[in-house]
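Containing mmCIF, C-alpha atoms and all ligand atoms: model05.cif.
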```
data_final
#
loop_
_atom_site.group_PDB
_atom_site.id
_atom_site.type_symbol
_atom_site.label_atom_id
_atom_site.label_comp_id
_atom_site.auth_asym_id
_atom_site.auth_seq_id
_atom_site.Cartn_x
_atom_site.Cartn_y
_atom_site.Cartn_z
ATOM 1 C CA MET Z 6 9.898 -28.064 29.659
ATOM 2 C CA LYS Z 7 8.235 -25.533 27.348
ATOM 3 C CA ILE Z 8 8.773 -26.655 23.748
ATOM 4 C CA ALA Z 9 7.884 -24.509 20.725
ATOM 5 C CA ILE Z 10 7.943 -25.103 16.984
ATOM 6 C CA TYR Z 11 9.034 -22.364 14.587
ATOM 7 C CA PRO Z 12 7.806 -23.673 11.211
ATOM 8 C CA GLY Z 13 8.196 -22.272 7.727
ATOM 9 C CA SER Z 14 9.501 -22.667 4.216
ATOM 10 C CA PHE Z 15 12.673 -20.692 5.002
ATOM 11 C CA ASP Z 16 13.621 -20.516 1.318
ATOM 12 C CA PRO Z 17 16.053 -19.091 2.339
ATOM 13 C CA PHE Z 18 16.361 -18.227 6.052
ATOM 14 C CA THR Z 19 16.635 -14.442 6.544
ATOM 15 C CA MET Z 20 17.693 -11.968 9.221
ATOM 16 C CA GLY Z 21 13.980 -11.591 9.988
ATOM 17 C CA HIS Z 22 13.677 -15.328 10.631
ATOM 18 C CA LEU Z 23 16.794 -15.289 12.817
ATOM 19 C CA ASP Z 24 15.404 -12.403 14.858
ATOM 20 C CA ILE Z 25 12.108 -14.219 15.483
ATOM 21 C CA LEU Z 26 13.978 -17.430 16.337
ATOM 22 C CA SER Z 27 16.296 -15.658 18.810
ATOM 23 C CA ARG Z 28 13.316 -14.100 20.556
ATOM 24 C CA ALA Z 29 11.454 -17.435 20.638
ATOM 25 C CA CYS Z 30 14.543 -19.037 22.188
ATOM 26 C CA SER Z 31 14.353 -16.592 25.087
ATOM 27 C CA LEU Z 32 10.640 -17.359 25.629
ATOM 28 C CA PHE Z 33 10.776 -21.172 25.417
ATOM 29 C CA ASP Z 34 13.116 -23.854 26.777
ATOM 30 C CA ARG Z 35 13.533 -25.529 23.385
ATOM 31 C CA VAL Z 36 12.617 -24.414 19.872
ATOM 32 C CA TYR Z 37 12.462 -26.711 16.848
ATOM 33 C CA VAL Z 38 12.851 -24.849 13.571
ATOM 34 C CA ALA Z 39 10.777 -27.011 11.241
ATOM 35 C CA VAL Z 40 11.418 -26.853 7.495
ATOM 36 C CA LEU Z 41 8.024 -27.918 6.167
ATOM 37 C CA VAL Z 42 6.302 -28.189 2.804
ATOM 38 C CA ASN Z 43 4.134 -25.267 1.699
ATOM 39 C CA GLY Z 44 1.993 -26.735 -1.076
ATOM 40 C CA GLU Z 45 1.641 -23.299 -2.680
ATOM 41 C CA LYS Z 46 5.368 -22.702 -3.075
ATOM 42 C CA GLN Z 47 8.046 -24.320 -5.232
ATOM 43 C CA PRO Z 48 11.269 -24.216 -3.177
ATOM 44 C CA HIS Z 49 14.556 -22.971 -4.676
ATOM 45 C CA PHE Z 50 16.704 -24.769 -2.100
ATOM 46 C CA THR Z 51 16.196 -28.428 -1.106
ATOM 47 C CA ASP Z 52 14.909 -29.165 2.375
ATOM 48 C CA SER Z 53 18.349 -30.530 3.339
ATOM 49 C CA GLU Z 54 20.041 -27.341 2.093
ATOM 50 C CA ARG Z 55 17.593 -25.164 4.029
ATOM 51 C CA CYS Z 56 18.130 -27.232 7.180
ATOM 52 C CA ALA Z 57 21.911 -26.998 6.853
ATOM 53 C CA MET Z 58 21.712 -23.203 6.367
ATOM 54 C CA ILE Z 59 19.495 -22.845 9.456
ATOM 55 C CA GLU Z 60 21.897 -24.997 11.499
ATOM 56 C CA ALA Z 61 24.759 -22.703 10.440
ATOM 57 C CA CYS Z 62 22.709 -19.656 11.562
ATOM 58 C CA ILE Z 63 21.844 -21.295 14.895
ATOM 59 C CA ARG Z 64 25.551 -21.918 15.566
ATOM 60 C CA TYR Z 65 26.459 -18.395 14.413
ATOM 61 C CA ALA Z 66 23.887 -16.849 16.785
ATOM 62 C CA GLY Z 67 24.895 -19.147 19.670
ATOM 63 C CA LEU Z 68 21.338 -20.389 20.191
ATOM 64 C CA THR Z 69 21.920 -23.501 22.292
ATOM 65 C CA ASN Z 70 18.213 -24.378 22.640
ATOM 66 C CA ALA Z 71 17.317 -24.251 18.924
ATOM 67 C CA PHE Z 72 17.314 -27.268 16.590
ATOM 68 C CA ALA Z 73 16.586 -27.451 12.859
ATOM 69 C CA GLU Z 74 14.636 -30.344 11.376
ATOM 70 C CA LYS Z 75 12.845 -31.062 8.112
ATOM 71 C CA ASN Z 76 9.470 -32.754 7.988
ATOM 72 C CA SER Z 77 7.208 -33.610 5.073
ATOM 73 C CA GLY Z 78 3.988 -34.015 7.085
ATOM 74 C CA LEU Z 79 1.389 -31.843 8.745
ATOM 75 C CA LEU Z 80 2.505 -29.136 11.147
ATOM 76 C CA ALA Z 81 -0.140 -30.184 13.693
ATOM 77 C CA GLU Z 82 1.168 -33.787 13.696
ATOM 78 C CA TYR Z 83 4.728 -32.577 14.074
ATOM 79 C CA ALA Z 84 3.788 -30.254 16.954
ATOM 80 C CA LYS Z 85 2.014 -33.134 18.707
ATOM 81 C CA GLU Z 86 4.949 -35.500 18.174
ATOM 82 C CA LYS Z 87 7.333 -32.948 19.720
ATOM 83 C CA GLY Z 88 5.054 -32.225 22.691
ATOM 84 C CA ALA Z 89 5.051 -28.532 21.768
ATOM 85 C CA CYS Z 90 2.932 -26.089 23.748
ATOM 86 C CA ALA Z 91 3.084 -23.430 21.014
ATOM 87 C CA VAL Z 92 3.880 -22.717 17.393
ATOM 88 C CA VAL Z 93 5.742 -19.463 16.779
ATOM 89 C CA ARG Z 94 5.152 -17.325 13.682
ATOM 90 C CA GLY Z 95 6.454 -13.890 12.736
ATOM 91 C CA LEU Z 96 3.996 -11.138 11.774
ATOM 92 C CA ARG Z 97 4.882 -8.171 9.569
ATOM 93 C CA ASP Z 98 1.555 -6.695 8.543
ATOM 94 C CA ALA Z 99 -2.184 -7.186 8.154
ATOM 95 C CA ALA Z 100 -1.711 -9.552 5.214
ATOM 96 C CA ASP Z 101 0.422 -11.815 7.402
ATOM 97 C CA LEU Z 102 -2.214 -11.673 10.134
ATOM 98 C CA ALA Z 103 -4.966 -12.803 7.743
ATOM 99 C CA TYR Z 104 -2.792 -15.698 6.521
ATOM 100 C CA GLU Z 105 -1.748 -16.706 10.046
ATOM 101 C CA SER Z 106 -5.356 -16.648 11.272
ATOM 102 C CA ARG Z 107 -6.351 -19.167 8.586
ATOM 103 C CA LEU Z 108 -3.326 -21.366 9.305
ATOM 104 C CA ASP Z 109 -4.092 -21.269 13.026
ATOM 105 C CA CYS Z 110 -7.753 -22.241 12.432
ATOM 106 C CA ALA Z 111 -6.790 -25.181 10.196
ATOM 107 C CA ASN Z 112 -4.254 -26.424 12.729
ATOM 108 C CA ARG Z 113 -6.639 -25.908 15.643
ATOM 109 C CA TYR Z 114 -9.181 -28.047 13.761
ATOM 110 C CA LEU Z 115 -6.549 -30.783 13.392
ATOM 111 C CA LEU Z 116 -5.169 -30.525 16.911
ATOM 112 C CA PRO Z 117 -7.388 -29.229 19.719
ATOM 113 C CA GLY Z 118 -5.214 -27.244 22.118
ATOM 114 C CA TYR Z 119 -2.955 -26.019 19.292
ATOM 115 C CA GLU Z 120 -1.701 -22.496 20.044
ATOM 116 C CA THR Z 121 0.002 -19.968 17.777
ATOM 117 C CA VAL Z 122 2.255 -17.345 19.356
ATOM 118 C CA CYS Z 123 2.844 -14.484 16.917
ATOM 119 C CA LEU Z 124 5.903 -12.278 17.378
ATOM 120 C CA MET Z 125 5.880 -8.894 15.654
ATOM 121 C CA ALA Z 126 8.675 -8.274 13.182
ATOM 122 C CA ARG Z 127 10.991 -5.418 14.086
ATOM 123 C CA PRO Z 128 10.120 -2.284 12.060
ATOM 124 C CA GLN Z 129 13.470 -2.327 10.244
ATOM 125 C CA MET Z 130 12.707 -5.889 9.062
ATOM 126 C CA ASN Z 131 9.091 -5.278 8.086
ATOM 127 C CA PHE Z 132 9.795 -5.370 4.349
ATOM 128 C CA LEU Z 133 11.976 -8.454 4.523
ATOM 129 C CA SER Z 134 10.899 -11.800 3.076
ATOM 130 C CA ALA Z 135 12.604 -14.795 1.509
ATOM 131 C CA GLY Z 136 11.082 -13.692 -1.806
ATOM 132 C CA ILE Z 137 12.685 -10.220 -1.566
ATOM 133 C CA VAL Z 138 16.037 -11.852 -0.798
ATOM 134 C CA ARG Z 139 15.696 -14.176 -3.804
ATOM 135 C CA GLU Z 140 14.786 -11.304 -6.115
ATOM 136 C CA ILE Z 141 17.690 -9.062 -5.032
ATOM 137 C CA ALA Z 142 20.137 -11.990 -5.198
ATOM 138 C CA ALA Z 143 18.914 -12.984 -8.674
ATOM 139 C CA TYR Z 144 20.033 -9.548 -9.970
ATOM 140 C CA GLY Z 145 23.347 -9.768 -8.120
ATOM 141 C CA GLY Z 146 22.291 -7.131 -5.573
ATOM 142 C CA ASP Z 147 23.757 -6.859 -2.085
ATOM 143 C CA ILE Z 148 21.970 -9.164 0.374
ATOM 144 C CA SER Z 149 24.514 -8.840 3.198
ATOM 145 C CA GLY Z 150 22.126 -6.978 5.517
ATOM 146 C CA LEU Z 151 19.234 -9.291 4.746
ATOM 147 C CA VAL Z 152 20.547 -12.771 5.514
ATOM 148 C CA PRO Z 153 22.845 -14.062 8.284
ATOM 149 C CA GLU Z 154 26.556 -13.840 7.458
ATOM 150 C CA PRO Z 155 27.348 -17.609 7.325
ATOM 151 C CA ILE Z 156 24.818 -18.263 4.550
ATOM 152 C CA LYS Z 157 25.202 -15.038 2.547
ATOM 153 C CA ASN Z 158 27.626 -16.374 -0.069
ATOM 154 C CA ILE Z 159 25.813 -19.689 -0.558
ATOM 155 C CA ILE Z 160 22.578 -17.804 -1.303
ATOM 156 C CA ALA Z 161 24.180 -15.112 -3.477
ATOM 157 C CA GLU Z 162 26.101 -17.619 -5.611
ATOM 158 C CA ARG Z 163 23.213 -20.016 -5.957
ATOM 159 C CA LEU Z 164 20.585 -17.431 -6.938
ATOM 160 C CA LYS Z 165 22.649 -15.140 -9.161
ATOM 161 C CA ASN Z 166 21.185 -15.008 -12.690
ATOM 162 C CA THR Z 167 18.270 -17.278 -11.816
HETATM 163 O O1 LIG Z 201 7.009 -19.874 5.509
HETATM 164 P P1 LIG Z 201 5.639 -20.292 5.068
HETATM 165 O O2 LIG Z 201 5.659 -20.779 3.634
HETATM 166 O O3 LIG Z 201 4.611 -19.215 5.290
HETATM 167 O O4 LIG Z 201 5.230 -21.527 6.016
HETATM 168 C C1 LIG Z 201 3.996 -22.201 5.810
HETATM 169 C C2 LIG Z 201 4.071 -23.595 6.438
HETATM 170 C C3 LIG Z 201 5.207 -24.388 5.830
HETATM 171 C C4 LIG Z 201 4.273 -23.473 7.938
HETATM 172 C C5 LIG Z 201 2.710 -24.293 6.149
HETATM 173 O O5 LIG Z 201 2.491 -24.355 4.769
HETATM 174 C C6 LIG Z 201 2.652 -25.701 6.757
HETATM 175 O O6 LIG Z 201 2.373 -25.822 7.934
HETATM 176 N N1 LIG Z 201 2.928 -26.744 5.938
HETATM 177 C C7 LIG Z 201 2.859 -28.126 6.381
HETATM 178 C C8 LIG Z 201 1.500 -28.764 5.983
HETATM 179 C C9 LIG Z 201 0.421 -28.255 6.926
HETATM 180 O O7 LIG Z 201 0.351 -28.677 8.063
HETATM 181 N N2 LIG Z 201 -0.392 -27.276 6.475
HETATM 182 C C10 LIG Z 201 -1.334 -26.581 7.363
HETATM 183 C C11 LIG Z 201 -2.663 -27.202 7.380
HETATM 184 S S1 LIG Z 201 -3.567 -26.669 5.987
#
```

Translate the structure of the given file into structure tokens.
Amino acid sequence: MKIAIYPGSFDPFTMGHLDILSRACSLFDRVYVAVLVNGEKQPHFTDSERCAMIEACIRYAGLTNAFAEKNSGLLAEYAKEKGACAVVRGLRDAADLAYESRLDCANRYLLPGYETVCLMARPQMNFLSAGIVREIAAYGGDISGLVPEPIKNIIAERLKNT
């Protein structure tokens, strides 16, 4: 069985994340969406909230081979524990590529045999990030095309006027 990890902060999960996850689900037998800690970011939603939102999106998209989990440890350890053959990341631009290259090198140092599979973001989602969603939502702007339907209201209500 080919197992992949799709890790991230997912603060919050966006349409871009859902697109990458759907495509990963067609490439691998099982995909674990791992809500991990990024030491350089202060999350707006708790890890349990982010996991619950991802689970709602997985159900909404009918992805029967995707599972959301939170983990407070190293990605390399988590990938090893799950027996994953690859870690999936989405790429939008050259800045993402530079960041992903460093992440891949650090994880490869920790876990020989570690492999990153990068999936290119669709052009129409190239601008999309969790940060953009948070900023638009904070001003009460329309985020309906940016995040999956089942989590739209939770995000909008929570981030308005923040
Ligand atoms: O969505 P993000 O914030 O770009 O995801 C980054 C994330 C969470 C995947 C990365 O920070 C991570 O792997 N965190 C867990 C700790 C770890 O293993 N760091 C990499 C080795 S330096």

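Of the listed residues (Z:Ser77, Z:Thr121, Z:Ser31, Z:Ser53), Z:Ser77 comes nearest to ligand LIG 201 (chain Z); the distances count all atoms listed in the file.
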
Close residues to ligand LIG 201 (chain Z) using only C-alpha atoms and all ligand atoms, limit 6 Å, as a list in words = Pro12, Gly13, Ser14, Phe15, Leu41, Val42, Asn43, Gly78, Leu79, Leu80, Ala81, Leu108, Ala111 and Asn112 of chain Z

Around all listed atoms of region 73-76 of chain Z, padded 3 Å per side, what centre and edge lengths does the axis-aligned box have in Å to one decimal, as JSON?
```
{"center_x": 13.0, "center_y": -30.1, "center_z": 10.4, "size_x": 13.1, "size_y": 11.3, "size_z": 10.9}
```

Reference answer for the PyMOL selection byres (((chain Z and resi 95) around 8) and not hetatm), as a PyMOL selection string = chain Z and resi 22+25+93-94+96-97+123-126

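With all atoms listed in the file as the atoms that count, the minimum distance from Gly21 (chain Z) to the choices Z:Val152, Z:Val40, Z:Met58, Z:Ala84 is reached by Z:Val152.
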
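Straight-line separation from CA of Ile137 (chain Z) to CA of Phe33 (chain Z): 29.2 Å.
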
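The shortest atom-to-atom distance to Ser134 (chain Z), with only C-alpha atoms taken into account, belongs to Z:Met20 out of Z:Leu26, Z:Ile156, Z:Met20, Z:Met6.
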
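Picture a line from CA of Cys90 (chain Z) to CA of Ile63 (chain Z); it runs 21.4 Å.
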
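Of note, CA of Leu23 (chain Z) and CA of Ala142 (chain Z) are spaced 18.6 Å apart.
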
How would you write as a PyMOL selection string the residues that get within 10 Å of (25.7, -15.5, 14.6) in the file's frame, counting all atoms listed in the file?
-> chain Z and resi 23+61-68+153-155

Selected residue of minimal separation from Thr69 (chain Z) among Z:Val122, Z:Ala143, Z:Cys30, Z:Cys56, counting only C-alpha atoms = Z:Cys30

Quick one: region 93-105 of chain Z from the block, N, CA, C and O atoms, as a compact mmCIF listing (two decimals), in the first residue's frame.
```
# COMPACT_ATOMS: atom_id res chain seq x y z
N VAL Z 93 3.71 14.86 0.46
CA VAL Z 93 3.17 15.71 -0.62
C VAL Z 93 3.14 17.17 -0.18
O VAL Z 93 2.73 17.47 0.94
N ARG Z 94 3.60 18.06 -1.05
CA ARG Z 94 3.52 19.50 -0.79
C ARG Z 94 3.04 20.19 -2.06
O ARG Z 94 3.37 19.77 -3.17
N GLY Z 95 2.31 21.27 -1.89
CA GLY Z 95 1.85 22.06 -3.04
C GLY Z 95 2.86 23.16 -3.34
O GLY Z 95 3.44 23.73 -2.42
N LEU Z 96 3.05 23.43 -4.62
CA LEU Z 96 3.99 24.49 -5.04
C LEU Z 96 3.24 25.53 -5.86
O LEU Z 96 2.58 25.20 -6.83
N ARG Z 97 3.40 26.81 -5.47
CA ARG Z 97 2.78 27.89 -6.25
C ARG Z 97 3.79 28.62 -7.10
O ARG Z 97 3.53 28.98 -8.25
N ASP Z 98 4.95 28.90 -6.53
CA ASP Z 98 5.92 29.74 -7.24
C ASP Z 98 7.34 29.43 -6.79
O ASP Z 98 7.58 28.49 -6.02
N ALA Z 99 8.28 30.27 -7.26
CA ALA Z 99 9.69 30.03 -6.96
C ALA Z 99 9.99 30.16 -5.47
O ALA Z 99 10.87 29.47 -4.94
N ALA Z 100 9.26 31.04 -4.80
CA ALA Z 100 9.48 31.21 -3.35
C ALA Z 100 9.11 29.92 -2.62
O ALA Z 100 9.81 29.47 -1.71
N ASP Z 101 8.00 29.31 -3.04
CA ASP Z 101 7.61 28.02 -2.44
C ASP Z 101 8.68 26.98 -2.70
O ASP Z 101 9.01 26.18 -1.82
N LEU Z 102 9.22 26.97 -3.92
CA LEU Z 102 10.22 25.96 -4.28
C LEU Z 102 11.45 26.08 -3.39
O LEU Z 102 11.96 25.07 -2.89
N ALA Z 103 11.89 27.32 -3.14
CA ALA Z 103 13.07 27.53 -2.29
C ALA Z 103 12.81 27.01 -0.88
O ALA Z 103 13.64 26.34 -0.27
N TYR Z 104 11.62 27.32 -0.36
CA TYR Z 104 11.23 26.88 0.99
C TYR Z 104 11.14 25.35 1.04
O TYR Z 104 11.67 24.71 1.95
N GLU Z 105 10.49 24.76 0.04
CA GLU Z 105 10.30 23.30 0.02
C GLU Z 105 11.63 22.57 -0.12
O GLU Z 105 11.81 21.49 0.43
```
